[in-house]
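Reproduced below: query07.cif, with mmCIF, C-alpha atoms; chains and numbers go by the auth columns.
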data_protein
loop_
_atom_site.group_PDB
_atom_site.id
_atom_site.type_symbol
_atom_site.label_atom_id
_atom_site.label_comp_id
_atom_site.label_asym_id
_atom_site.label_seq_id
_atom_site.Cartn_x
_atom_site.Cartn_y
_atom_site.Cartn_z
_atom_site.B_iso_or_equiv
_atom_site.auth_seq_id
_atom_site.auth_asym_id
ATOM 1 C CA MET A 1 80.980 -27.957 -17.338 0.00 1 A
ATOM 2 C CA ARG A 2 80.533 -31.407 -15.771 0.00 2 A
ATOM 3 C CA GLN A 3 76.756 -31.149 -16.206 0.00 3 A
ATOM 4 C CA MET A 4 77.207 -30.262 -19.890 0.00 4 A
ATOM 5 C CA ILE A 5 79.313 -33.376 -20.412 0.00 5 A
ATOM 6 C CA GLU A 6 76.854 -35.615 -18.525 0.00 6 A
ATOM 7 C CA VAL A 7 73.876 -34.356 -20.532 0.00 7 A
ATOM 8 C CA ALA A 8 75.772 -34.579 -23.818 0.00 8 A
ATOM 9 C CA GLU A 9 76.863 -38.127 -22.983 0.00 9 A
ATOM 10 C CA GLN A 10 73.234 -39.097 -22.419 0.00 10 A
ATOM 11 C CA VAL A 11 71.999 -37.424 -25.630 0.00 11 A
ATOM 12 C CA PHE A 12 74.832 -38.854 -27.741 0.00 12 A
ATOM 13 C CA SER A 13 74.178 -42.283 -26.246 0.00 13 A
ATOM 14 C CA GLU A 14 70.428 -42.179 -26.888 0.00 14 A
ATOM 15 C CA ARG A 15 70.438 -40.599 -30.349 0.00 15 A
ATOM 16 C CA GLY A 16 73.895 -41.216 -31.726 0.00 16 A
ATOM 17 C CA TYR A 17 76.364 -38.493 -32.530 0.00 17 A
ATOM 18 C CA ALA A 18 74.931 -37.577 -35.939 0.00 18 A
ATOM 19 C CA ALA A 19 71.349 -37.216 -34.696 0.00 19 A
ATOM 20 C CA ALA A 20 72.253 -35.383 -31.487 0.00 20 A
ATOM 21 C CA SER A 21 71.696 -31.654 -31.551 0.00 21 A
ATOM 22 C CA MET A 22 73.568 -28.928 -29.726 0.00 22 A
ATOM 23 C CA ASP A 23 70.234 -27.115 -29.351 0.00 23 A
ATOM 24 C CA GLU A 24 68.769 -30.049 -27.416 0.00 24 A
ATOM 25 C CA ILE A 25 71.865 -30.435 -25.253 0.00 25 A
ATOM 26 C CA ALA A 26 71.911 -26.704 -24.449 0.00 26 A
ATOM 27 C CA GLU A 27 68.209 -26.756 -23.576 0.00 27 A
ATOM 28 C CA LEU A 28 68.559 -29.793 -21.304 0.00 28 A
ATOM 29 C CA VAL A 29 71.550 -28.239 -19.524 0.00 29 A
ATOM 30 C CA GLY A 30 69.820 -24.872 -19.236 0.00 30 A
ATOM 31 C CA VAL A 31 72.455 -22.856 -21.067 0.00 31 A
ATOM 32 C CA SER A 32 72.584 -21.159 -24.440 0.00 32 A
ATOM 33 C CA LYS A 33 73.891 -22.947 -27.492 0.00 33 A
ATOM 34 C CA PRO A 34 76.649 -20.305 -27.885 0.00 34 A
ATOM 35 C CA MET A 35 77.793 -21.150 -24.339 0.00 35 A
ATOM 36 C CA LEU A 36 78.276 -24.801 -25.357 0.00 36 A
ATOM 37 C CA TYR A 37 80.347 -23.615 -28.312 0.00 37 A
ATOM 38 C CA GLU A 38 82.298 -21.304 -26.000 0.00 38 A
ATOM 39 C CA TYR A 39 83.343 -24.285 -23.863 0.00 39 A
ATOM 40 C CA PHE A 40 83.761 -26.977 -26.525 0.00 40 A
ATOM 41 C CA ASN A 41 84.131 -25.129 -29.893 0.00 41 A
ATOM 42 C CA SER A 42 81.959 -27.661 -31.739 0.00 42 A
ATOM 43 C CA LYS A 43 79.702 -30.671 -31.377 0.00 43 A
ATOM 44 C CA GLU A 44 82.722 -32.849 -32.079 0.00 44 A
ATOM 45 C CA GLY A 45 84.631 -31.034 -29.341 0.00 45 A
ATOM 46 C CA LEU A 46 81.831 -31.855 -26.920 0.00 46 A
ATOM 47 C CA LEU A 47 81.893 -35.512 -28.007 0.00 47 A
ATOM 48 C CA LEU A 48 85.662 -35.635 -27.481 0.00 48 A
ATOM 49 C CA ALA A 49 85.232 -34.110 -24.011 0.00 49 A
ATOM 50 C CA CYS A 50 82.700 -36.841 -23.183 0.00 50 A
ATOM 51 C CA ILE A 51 85.069 -39.595 -24.316 0.00 51 A
ATOM 52 C CA ARG A 52 88.015 -38.082 -22.430 0.00 52 A
ATOM 53 C CA GLU A 53 85.942 -37.792 -19.243 0.00 53 A
ATOM 54 C CA SER A 54 84.884 -41.447 -19.516 0.00 54 A
ATOM 55 C CA ARG A 55 88.482 -42.490 -20.130 0.00 55 A
ATOM 56 C CA ALA A 56 89.671 -40.623 -17.039 0.00 56 A
ATOM 57 C CA ILE A 57 86.991 -42.185 -14.858 0.00 57 A
ATOM 58 C CA LEU A 58 87.674 -45.671 -16.229 0.00 58 A
ATOM 59 C CA ARG A 59 91.378 -45.300 -15.524 0.00 59 A
ATOM 60 C CA GLU A 60 90.733 -44.062 -12.009 0.00 60 A
ATOM 61 C CA VAL A 61 88.350 -46.876 -11.086 0.00 61 A
ATOM 62 C CA THR A 62 90.542 -49.623 -12.539 0.00 62 A
ATOM 63 C CA GLU A 63 93.703 -48.272 -10.917 0.00 63 A
ATOM 64 C CA GLN A 64 92.000 -47.871 -7.547 0.00 64 A
ATOM 65 C CA ALA A 65 90.524 -51.356 -7.761 0.00 65 A
ATOM 66 C CA THR A 66 93.942 -52.980 -8.007 0.00 66 A
ATOM 67 C CA VAL A 67 95.465 -51.141 -5.041 0.00 67 A
ATOM 68 C CA GLY A 68 96.193 -53.677 -2.342 0.00 68 A
ATOM 69 C CA ALA A 69 95.981 -56.693 -4.623 0.00 69 A
ATOM 70 C CA THR A 70 97.897 -59.611 -3.158 0.00 70 A
ATOM 71 C CA SER A 71 98.632 -61.539 -6.348 0.00 71 A
ATOM 72 C CA ALA A 72 98.447 -61.306 -10.131 0.00 72 A
ATOM 73 C CA GLU A 73 95.188 -63.229 -10.082 0.00 73 A
ATOM 74 C CA ASP A 74 93.721 -60.912 -7.450 0.00 74 A
ATOM 75 C CA ALA A 75 94.856 -57.811 -9.374 0.00 75 A
ATOM 76 C CA LEU A 76 93.356 -59.079 -12.617 0.00 76 A
ATOM 77 C CA ARG A 77 90.079 -60.034 -10.945 0.00 77 A
ATOM 78 C CA ARG A 78 89.816 -56.652 -9.197 0.00 78 A
ATOM 79 C CA GLY A 79 90.589 -54.758 -12.393 0.00 79 A
ATOM 80 C CA LEU A 80 88.109 -56.765 -14.435 0.00 80 A
ATOM 81 C CA LEU A 81 85.382 -56.291 -11.850 0.00 81 A
ATOM 82 C CA ALA A 82 86.008 -52.530 -11.850 0.00 82 A
ATOM 83 C CA PHE A 83 85.695 -52.515 -15.650 0.00 83 A
ATOM 84 C CA PHE A 84 82.450 -54.493 -15.689 0.00 84 A
ATOM 85 C CA VAL A 85 80.983 -52.368 -12.883 0.00 85 A
ATOM 86 C CA PHE A 86 81.925 -49.262 -14.901 0.00 86 A
ATOM 87 C CA ILE A 87 80.152 -50.715 -17.931 0.00 87 A
ATOM 88 C CA ARG A 88 77.022 -51.476 -15.898 0.00 88 A
ATOM 89 C CA GLU A 89 76.897 -48.258 -13.890 0.00 89 A
ATOM 90 C CA ARG A 90 77.951 -45.942 -16.696 0.00 90 A
ATOM 91 C CA ARG A 91 75.914 -47.391 -19.549 0.00 91 A
ATOM 92 C CA GLU A 92 75.760 -44.080 -21.402 0.00 92 A
ATOM 93 C CA ALA A 93 79.537 -43.691 -21.314 0.00 93 A
ATOM 94 C CA TRP A 94 80.034 -47.274 -22.459 0.00 94 A
ATOM 95 C CA SER A 95 77.437 -46.895 -25.209 0.00 95 A
ATOM 96 C CA LEU A 96 79.159 -43.759 -26.410 0.00 96 A
ATOM 97 C CA LEU A 97 82.558 -45.449 -26.467 0.00 97 A
ATOM 98 C CA ARG A 98 81.180 -48.539 -28.170 0.00 98 A
ATOM 99 C CA HIS A 99 79.357 -46.632 -30.911 0.00 99 A
ATOM 100 C CA GLU A 100 82.264 -44.330 -31.615 0.00 100 A
ATOM 101 C CA MET A 101 84.546 -47.355 -32.168 0.00 101 A
ATOM 102 C CA ALA A 102 83.010 -47.707 -35.628 0.00 102 A
ATOM 103 C CA LEU A 103 84.025 -44.219 -36.782 0.00 103 A
ATOM 104 C CA ILE A 104 87.497 -45.195 -37.979 0.00 104 A
ATOM 105 C CA GLY A 105 89.720 -42.304 -38.944 0.00 105 A
ATOM 106 C CA THR A 106 87.833 -39.680 -36.937 0.00 106 A
ATOM 107 C CA PRO A 107 89.038 -37.790 -33.877 0.00 107 A
ATOM 108 C CA ALA A 108 86.405 -39.653 -31.826 0.00 108 A
ATOM 109 C CA ALA A 109 87.748 -43.016 -32.981 0.00 109 A
ATOM 110 C CA ASP A 110 91.250 -41.840 -32.092 0.00 110 A
ATOM 111 C CA GLU A 111 90.036 -40.939 -28.590 0.00 111 A
ATOM 112 C CA VAL A 112 88.396 -44.365 -28.203 0.00 112 A
ATOM 113 C CA GLU A 113 91.625 -46.019 -29.333 0.00 113 A
ATOM 114 C CA GLU A 114 93.483 -43.906 -26.777 0.00 114 A
ATOM 115 C CA THR A 115 91.139 -45.367 -24.139 0.00 115 A
ATOM 116 C CA ARG A 116 92.137 -48.860 -25.268 0.00 116 A
ATOM 117 C CA ARG A 117 95.828 -47.916 -25.163 0.00 117 A
ATOM 118 C CA GLN A 118 95.372 -46.473 -21.684 0.00 118 A
ATOM 119 C CA GLN A 119 93.855 -49.712 -20.413 0.00 119 A
ATOM 120 C CA THR A 120 96.452 -51.820 -22.243 0.00 120 A
ATOM 121 C CA ASP A 121 99.275 -49.793 -20.710 0.00 121 A
ATOM 122 C CA LEU A 122 97.707 -50.080 -17.265 0.00 122 A
ATOM 123 C CA ILE A 123 97.297 -53.861 -17.556 0.00 123 A
ATOM 124 C CA ALA A 124 100.797 -54.344 -19.009 0.00 124 A
ATOM 125 C CA ALA A 125 102.304 -52.318 -16.152 0.00 125 A
ATOM 126 C CA LEU A 126 100.300 -54.318 -13.647 0.00 126 A
ATOM 127 C CA MET A 127 101.433 -57.589 -15.215 0.00 127 A
ATOM 128 C CA SER A 128 105.061 -56.537 -15.107 0.00 128 A
ATOM 129 C CA GLY A 129 104.751 -56.223 -11.351 0.00 129 A
ATOM 130 C CA TYR A 130 103.303 -59.688 -10.882 0.00 130 A
ATOM 131 C CA PHE A 131 104.639 -61.773 -13.747 0.00 131 A
ATOM 132 C CA THR A 132 108.020 -63.361 -14.304 0.00 132 A
ATOM 133 C CA GLY A 133 110.434 -62.331 -17.015 0.00 133 A
ATOM 134 C CA ASP A 134 111.329 -59.033 -18.606 0.00 134 A
ATOM 135 C CA ASP A 135 109.476 -59.548 -21.860 0.00 135 A
ATOM 136 C CA ASP A 136 107.635 -56.222 -22.149 0.00 136 A
ATOM 137 C CA LEU A 137 106.404 -57.154 -25.613 0.00 137 A
ATOM 138 C CA GLN A 138 104.739 -60.303 -24.306 0.00 138 A
ATOM 139 C CA ALA A 139 103.155 -58.378 -21.397 0.00 139 A
ATOM 140 C CA GLU A 140 101.816 -55.801 -23.852 0.00 140 A
ATOM 141 C CA ALA A 141 100.446 -58.520 -26.145 0.00 141 A
ATOM 142 C CA ALA A 142 98.715 -60.208 -23.210 0.00 142 A
ATOM 143 C CA ALA A 143 97.266 -56.853 -22.131 0.00 143 A
ATOM 144 C CA GLU A 144 95.926 -56.252 -25.655 0.00 144 A
ATOM 145 C CA PHE A 145 94.270 -59.651 -25.499 0.00 145 A
ATOM 146 C CA VAL A 146 92.671 -58.840 -22.123 0.00 146 A
ATOM 147 C CA VAL A 147 91.362 -55.486 -23.379 0.00 147 A
ATOM 148 C CA GLY A 148 89.964 -56.964 -26.599 0.00 148 A
ATOM 149 C CA ALA A 149 88.373 -59.939 -24.883 0.00 149 A
ATOM 150 C CA CYS A 150 86.776 -57.781 -22.210 0.00 150 A
ATOM 151 C CA GLU A 151 85.481 -55.314 -24.778 0.00 151 A
ATOM 152 C CA ARG A 152 83.736 -58.123 -26.645 0.00 152 A
ATOM 153 C CA LEU A 153 82.440 -59.661 -23.414 0.00 153 A
ATOM 154 C CA ALA A 154 81.016 -56.261 -22.397 0.00 154 A
ATOM 155 C CA ILE A 155 79.167 -56.051 -25.720 0.00 155 A
ATOM 156 C CA TRP A 156 77.822 -59.578 -25.136 0.00 156 A
ATOM 157 C CA CYS A 157 76.721 -58.547 -21.633 0.00 157 A
ATOM 158 C CA GLU A 158 74.541 -55.836 -23.160 0.00 158 A
ATOM 159 C CA ARG A 159 72.430 -58.593 -24.718 0.00 159 A
ATOM 160 C CA HIS A 160 72.264 -60.476 -21.413 0.00 160 A
ATOM 161 C CA ASP A 161 71.092 -58.060 -18.758 0.00 161 A
ATOM 162 C CA GLU A 162 70.968 -60.890 -16.236 0.00 162 A
ATOM 163 C CA VAL A 163 74.778 -61.125 -16.347 0.00 163 A
ATOM 164 C CA THR A 164 76.093 -59.153 -13.377 0.00 164 A
ATOM 165 C CA PRO A 165 79.542 -57.536 -13.279 0.00 165 A
ATOM 166 C CA GLU A 166 80.604 -60.302 -10.908 0.00 166 A
ATOM 167 C CA MET A 167 79.447 -62.991 -13.340 0.00 167 A
ATOM 168 C CA ALA A 168 81.199 -61.279 -16.269 0.00 168 A
ATOM 169 C CA THR A 169 84.379 -61.043 -14.192 0.00 169 A
ATOM 170 C CA GLU A 170 84.309 -64.760 -13.433 0.00 170 A
ATOM 171 C CA TYR A 171 83.594 -65.643 -17.081 0.00 171 A
ATOM 172 C CA ALA A 172 86.594 -63.535 -18.121 0.00 172 A
ATOM 173 C CA MET A 173 88.820 -64.952 -15.388 0.00 173 A
ATOM 174 C CA ASP A 174 87.951 -68.517 -16.396 0.00 174 A
ATOM 175 C CA VAL A 175 89.386 -67.897 -19.844 0.00 175 A
ATOM 176 C CA LEU A 176 92.044 -65.254 -19.265 0.00 176 A
ATOM 177 C CA TRP A 177 93.640 -66.573 -16.103 0.00 177 A
ATOM 178 C CA ALA A 178 94.065 -70.027 -17.635 0.00 178 A
ATOM 179 C CA GLY A 179 96.423 -68.466 -20.185 0.00 179 A
ATOM 180 C CA LEU A 180 98.193 -66.100 -17.799 0.00 180 A
ATOM 181 C CA ARG A 181 98.621 -68.370 -14.784 0.00 181 A
ATOM 182 C CA GLY A 182 101.897 -69.832 -16.020 0.00 182 A
ATOM 183 C CA ARG A 183 103.559 -66.407 -16.083 0.00 183 A
ATOM 184 C CA ALA A 184 102.641 -65.443 -12.511 0.00 184 A
ATOM 185 C CA ARG A 185 105.325 -65.318 -9.844 0.00 185 A
#
Once more with this new file: its structure as structure tokens, please.
Amino acid sequence: MRQMIEVAEQVFSERGYAAASMDEIAELVGVSKPMLYEYFNSKEGLLLACIRESRAILREVTEQATVGATSAEDALRRGLLAFFVFIRERREAWSLLRHEMALIGTPAADEVEETRRQQTDLIAALMSGYFTGDDDLQAEAAAEFVVGACERLAIWCERHDEVTPEMATEYAMDVLWAGLRGRAR
């Protein structure tokens, strides 16, 4: 099943969801088209499986990156670097997420939004461990800002291939940490 998702992710990324064909995906995987439908029920089901897989991997890498952080600044830097490395190393997954953002009101768009919520919740929880005060609403708002800013920076990075994940992390830290520094313990 993992291979089916990887191939579908690549085809959806290269052609876009509408132009992607289950026949092509089945052929590239080496299975029958009915087998794809057996596992995923529909092309949309396969797309949703791709998005969910990417979300799970993104959560795992960002959570693991922050383990052992010694300060709020260190945790943020580690998490941002993990995100930008994910974007660079998993271009197909990122492309799929980015393109599906535009399909407002669809199950795919809902899954992409769930990815944003996942990252926002993770960042807000991380901030609550390192930042002063009990203002959960403010921590959530700051996390939304971090997610939105990093999403836009990742899109910008696509146009500037020379920008490494480390460079993107430092660009983000320059702006984000300036606003968050005052809340750190």
Selection dump of the PyMOL selection byres ((chain A and resi 93) around 10), as an NGL selection string
:A and (6 or 9-10 or 12-13 or 50-51 or 53-55 or 57-58 or 86-92 or 94-98)
Any chance you could work out the residue set of the PyMOL selection byres ((chain A and resi 45) around 12) here, as a PyMOL selection string?
chain A and resi 5+8+17+22+36-44+46-52+106-108+111
Output file for the residues above (C-alpha atoms, as a PDB file, keeping the file's coordinate frame):
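Wrote it out as part-v4.pdb, contents follow:
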ATOM      1  CA  ILE A   5      79.313 -33.376 -20.412  1.00  0.00           C
ATOM      2  CA  ALA A   8      75.772 -34.579 -23.818  1.00  0.00           C
ATOM      3  CA  TYR A  17      76.364 -38.493 -32.530  1.00  0.00           C
ATOM      4  CA  MET A  22      73.568 -28.928 -29.726  1.00  0.00           C
ATOM      5  CA  LEU A  36      78.276 -24.801 -25.357  1.00  0.00           C
ATOM      6  CA  TYR A  37      80.347 -23.615 -28.312  1.00  0.00           C
ATOM      7  CA  GLU A  38      82.298 -21.304 -26.000  1.00  0.00           C
ATOM      8  CA  TYR A  39      83.343 -24.285 -23.863  1.00  0.00           C
ATOM      9  CA  PHE A  40      83.761 -26.977 -26.525  1.00  0.00           C
ATOM     10  CA  ASN A  41      84.131 -25.129 -29.893  1.00  0.00           C
ATOM     11  CA  SER A  42      81.959 -27.661 -31.739  1.00  0.00           C
ATOM     12  CA  LYS A  43      79.702 -30.671 -31.377  1.00  0.00           C
ATOM     13  CA  GLU A  44      82.722 -32.849 -32.079  1.00  0.00           C
ATOM     14  CA  LEU A  46      81.831 -31.855 -26.920  1.00  0.00           C
ATOM     15  CA  LEU A  47      81.893 -35.512 -28.007  1.00  0.00           C
ATOM     16  CA  LEU A  48      85.662 -35.635 -27.481  1.00  0.00           C
ATOM     17  CA  ALA A  49      85.232 -34.110 -24.011  1.00  0.00           C
ATOM     18  CA  CYS A  50      82.700 -36.841 -23.183  1.00  0.00           C
ATOM     19  CA  ILE A  51      85.069 -39.595 -24.316  1.00  0.00           C
ATOM     20  CA  ARG A  52      88.015 -38.082 -22.430  1.00  0.00           C
ATOM     21  CA  THR A 106      87.833 -39.680 -36.937  1.00  0.00           C
ATOM     22  CA  PRO A 107      89.038 -37.790 -33.877  1.00  0.00           C
ATOM     23  CA  ALA A 108      86.405 -39.653 -31.826  1.00  0.00           C
ATOM     24  CA  GLU A 111      90.036 -40.939 -28.590  1.00  0.00           C
TER      25      GLU A 111
END
Straight-line distance linking atom CA of Val146 of chain A with atom CA of Gly68 of chain A, stated in Å to one decimal
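Between these atoms lies a distance of 20.7 Å.
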Ground truth for the PyMOL selection byres ((chain A and resi 151-159) around 10), written as a PyMOL selection string
chain A and resi 83-84+87-88+91+94-95+98+116+145-150+160-165+167-169+171-172
How big is the axis-aligned box around the listed atoms of segment 36-54 of chain A once 3 Å is added on each side, and where is its centre? Give both in Å to one decimal, as AutoDock Vina command-line options.
--center_x 83.1 --center_y -31.4 --center_z -25.7 --size_x 15.7 --size_y 26.1 --size_z 18.8
Which neighbours of segment 73-75 of chain A fall inside 10 Å, counting only C-alpha atoms, when residues of the same chain fewer than 6 positions from it are skipped, and could you give them as number ranges by chain?
A: 62-63, 65-67, 81, 123, 126-127, 130, 173, 176-177, 180-181, 184
By how many Å are atom CA of Glu14 of chain A and atom CA of Gln118 of chain A apart?
25.8 Å
Tell me, in Å to one decimal, how far atom CA of Val175 of chain A is from atom CA of Glu144 of chain A.
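Spanning atom CA of Val175 of chain A to atom CA of Glu144 of chain A is a straight-line distance of 14.6 Å.
The shortest atom-to-atom distance to Val11 of chain A, with all atoms listed in the file taken into account, belongs to A:Ile25 out of A:Ala125, A:Ala141, A:Ala72, A:Ile25.
Nearest to Gln3 of chain A of all the residues A:Arg117, A:Asp23, A:Val31, A:Leu137 is A:Val31, counting all atoms listed in the file.
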Expected file for segment 137-162 of chain A keeping N, CA, C and O atoms, as an mmCIF file, in the first residue's frame:
data_model
loop_
_atom_site.group_PDB
_atom_site.id
_atom_site.type_symbol
_atom_site.label_atom_id
_atom_site.label_comp_id
_atom_site.auth_asym_id
_atom_site.auth_seq_id
_atom_site.Cartn_x
_atom_site.Cartn_y
_atom_site.Cartn_z
ATOM 1 N N LEU A 137 -5.070 31.158 24.137
ATOM 2 C CA LEU A 137 -5.535 31.806 22.915
ATOM 3 C C LEU A 137 -4.385 32.539 22.226
ATOM 4 O O LEU A 137 -4.228 32.460 21.008
ATOM 5 N N GLN A 138 -3.563 33.211 23.008
ATOM 6 C CA GLN A 138 -2.418 33.915 22.434
ATOM 7 C C GLN A 138 -1.399 32.924 21.859
ATOM 8 O O GLN A 138 -0.841 33.155 20.795
ATOM 9 N N ALA A 139 -1.162 31.811 22.549
ATOM 10 C CA ALA A 139 -0.241 30.787 22.041
ATOM 11 C C ALA A 139 -0.764 30.207 20.733
ATOM 12 O O ALA A 139 -0.001 30.004 19.787
ATOM 13 N N GLU A 140 -2.062 29.974 20.657
ATOM 14 C CA GLU A 140 -2.658 29.452 19.426
ATOM 15 C C GLU A 140 -2.551 30.470 18.295
ATOM 16 O O GLU A 140 -2.236 30.115 17.159
ATOM 17 N N ALA A 141 -2.797 31.733 18.596
ATOM 18 C CA ALA A 141 -2.681 32.782 17.572
ATOM 19 C C ALA A 141 -1.248 32.874 17.058
ATOM 20 O O ALA A 141 -1.022 32.988 15.847
ATOM 21 N N ALA A 142 -0.288 32.820 17.960
ATOM 22 C CA ALA A 142 1.121 32.863 17.548
ATOM 23 C C ALA A 142 1.464 31.651 16.687
ATOM 24 O O ALA A 142 2.168 31.766 15.675
ATOM 25 N N ALA A 143 0.940 30.484 17.051
ATOM 26 C CA ALA A 143 1.192 29.271 16.280
ATOM 27 C C ALA A 143 0.584 29.378 14.880
ATOM 28 O O ALA A 143 1.195 28.954 13.889
ATOM 29 N N GLU A 144 -0.602 29.957 14.778
ATOM 30 C CA GLU A 144 -1.222 30.174 13.464
ATOM 31 C C GLU A 144 -0.339 31.083 12.609
ATOM 32 O O GLU A 144 -0.163 30.846 11.411
ATOM 33 N N PHE A 145 0.206 32.097 13.235
ATOM 34 C CA PHE A 145 1.096 33.013 12.520
ATOM 35 C C PHE A 145 2.332 32.265 12.019
ATOM 36 O O PHE A 145 2.744 32.434 10.871
ATOM 37 N N VAL A 146 2.926 31.438 12.855
ATOM 38 C CA VAL A 146 4.120 30.675 12.468
ATOM 39 C C VAL A 146 3.790 29.762 11.294
ATOM 40 O O VAL A 146 4.526 29.723 10.286
ATOM 41 N N VAL A 147 2.681 29.038 11.373
ATOM 42 C CA VAL A 147 2.298 28.120 10.302
ATOM 43 C C VAL A 147 2.059 28.884 8.995
ATOM 44 O O VAL A 147 2.565 28.501 7.931
ATOM 45 N N GLY A 148 1.309 29.967 9.058
ATOM 46 C CA GLY A 148 1.033 30.745 7.848
ATOM 47 C C GLY A 148 2.284 31.352 7.244
ATOM 48 O O GLY A 148 2.493 31.292 6.029
ATOM 49 N N ALA A 149 3.128 31.912 8.086
ATOM 50 C CA ALA A 149 4.364 32.524 7.588
ATOM 51 C C ALA A 149 5.270 31.482 6.950
ATOM 52 O O ALA A 149 5.845 31.708 5.882
ATOM 53 N N CYS A 150 5.381 30.328 7.580
ATOM 54 C CA CYS A 150 6.262 29.291 7.049
ATOM 55 C C CYS A 150 5.708 28.683 5.766
ATOM 56 O O CYS A 150 6.466 28.328 4.864
ATOM 57 N N GLU A 151 4.404 28.594 5.669
ATOM 58 C CA GLU A 151 3.783 28.107 4.439
ATOM 59 C C GLU A 151 4.117 29.040 3.271
ATOM 60 O O GLU A 151 4.515 28.596 2.199
ATOM 61 N N ARG A 152 3.985 30.330 3.505
ATOM 62 C CA ARG A 152 4.303 31.300 2.450
ATOM 63 C C ARG A 152 5.801 31.298 2.131
ATOM 64 O O ARG A 152 6.198 31.392 0.975
ATOM 65 N N LEU A 153 6.635 31.196 3.151
ATOM 66 C CA LEU A 153 8.077 31.152 2.922
ATOM 67 C C LEU A 153 8.451 29.905 2.127
ATOM 68 O O LEU A 153 9.311 29.968 1.239
ATOM 69 N N ALA A 154 7.802 28.777 2.399
ATOM 70 C CA ALA A 154 8.069 27.549 1.643
ATOM 71 C C ALA A 154 7.696 27.721 0.172
ATOM 72 O O ALA A 154 8.412 27.249 -0.716
ATOM 73 N N ILE A 155 6.604 28.404 -0.097
ATOM 74 C CA ILE A 155 6.209 28.672 -1.484
ATOM 75 C C ILE A 155 7.249 29.574 -2.144
ATOM 76 O O ILE A 155 7.647 29.355 -3.288
ATOM 77 N N TRP A 156 7.721 30.576 -1.429
ATOM 78 C CA TRP A 156 8.776 31.462 -1.947
ATOM 79 C C TRP A 156 10.046 30.665 -2.234
ATOM 80 O O TRP A 156 10.707 30.877 -3.247
ATOM 81 N N CYS A 157 10.376 29.732 -1.352
ATOM 82 C CA CYS A 157 11.581 28.912 -1.530
ATOM 83 C C CYS A 157 11.528 28.090 -2.818
ATOM 84 O O CYS A 157 12.568 27.816 -3.413
ATOM 85 N N GLU A 158 10.341 27.723 -3.242
ATOM 86 C CA GLU A 158 10.212 26.982 -4.503
ATOM 87 C C GLU A 158 10.744 27.786 -5.685
ATOM 88 O O GLU A 158 11.245 27.226 -6.644
ATOM 89 N N ARG A 159 10.626 29.092 -5.606
ATOM 90 C CA ARG A 159 11.118 29.963 -6.689
ATOM 91 C C ARG A 159 12.600 30.264 -6.541
ATOM 92 O O ARG A 159 13.198 30.849 -7.446
ATOM 93 N N HIS A 160 13.176 29.899 -5.414
ATOM 94 C CA HIS A 160 14.587 30.182 -5.133
ATOM 95 C C HIS A 160 15.265 28.890 -4.673
ATOM 96 O O HIS A 160 15.497 28.687 -3.482
ATOM 97 N N ASP A 161 15.598 28.064 -5.635
ATOM 98 C CA ASP A 161 16.169 26.760 -5.337
ATOM 99 C C ASP A 161 17.483 26.852 -4.570
ATOM 100 O O ASP A 161 17.875 25.920 -3.882
ATOM 101 N N GLU A 162 18.133 27.999 -4.665
ATOM 102 C CA GLU A 162 19.407 28.174 -3.960
ATOM 103 C C GLU A 162 19.215 28.346 -2.446
ATOM 104 O O GLU A 162 20.178 28.275 -1.679
#
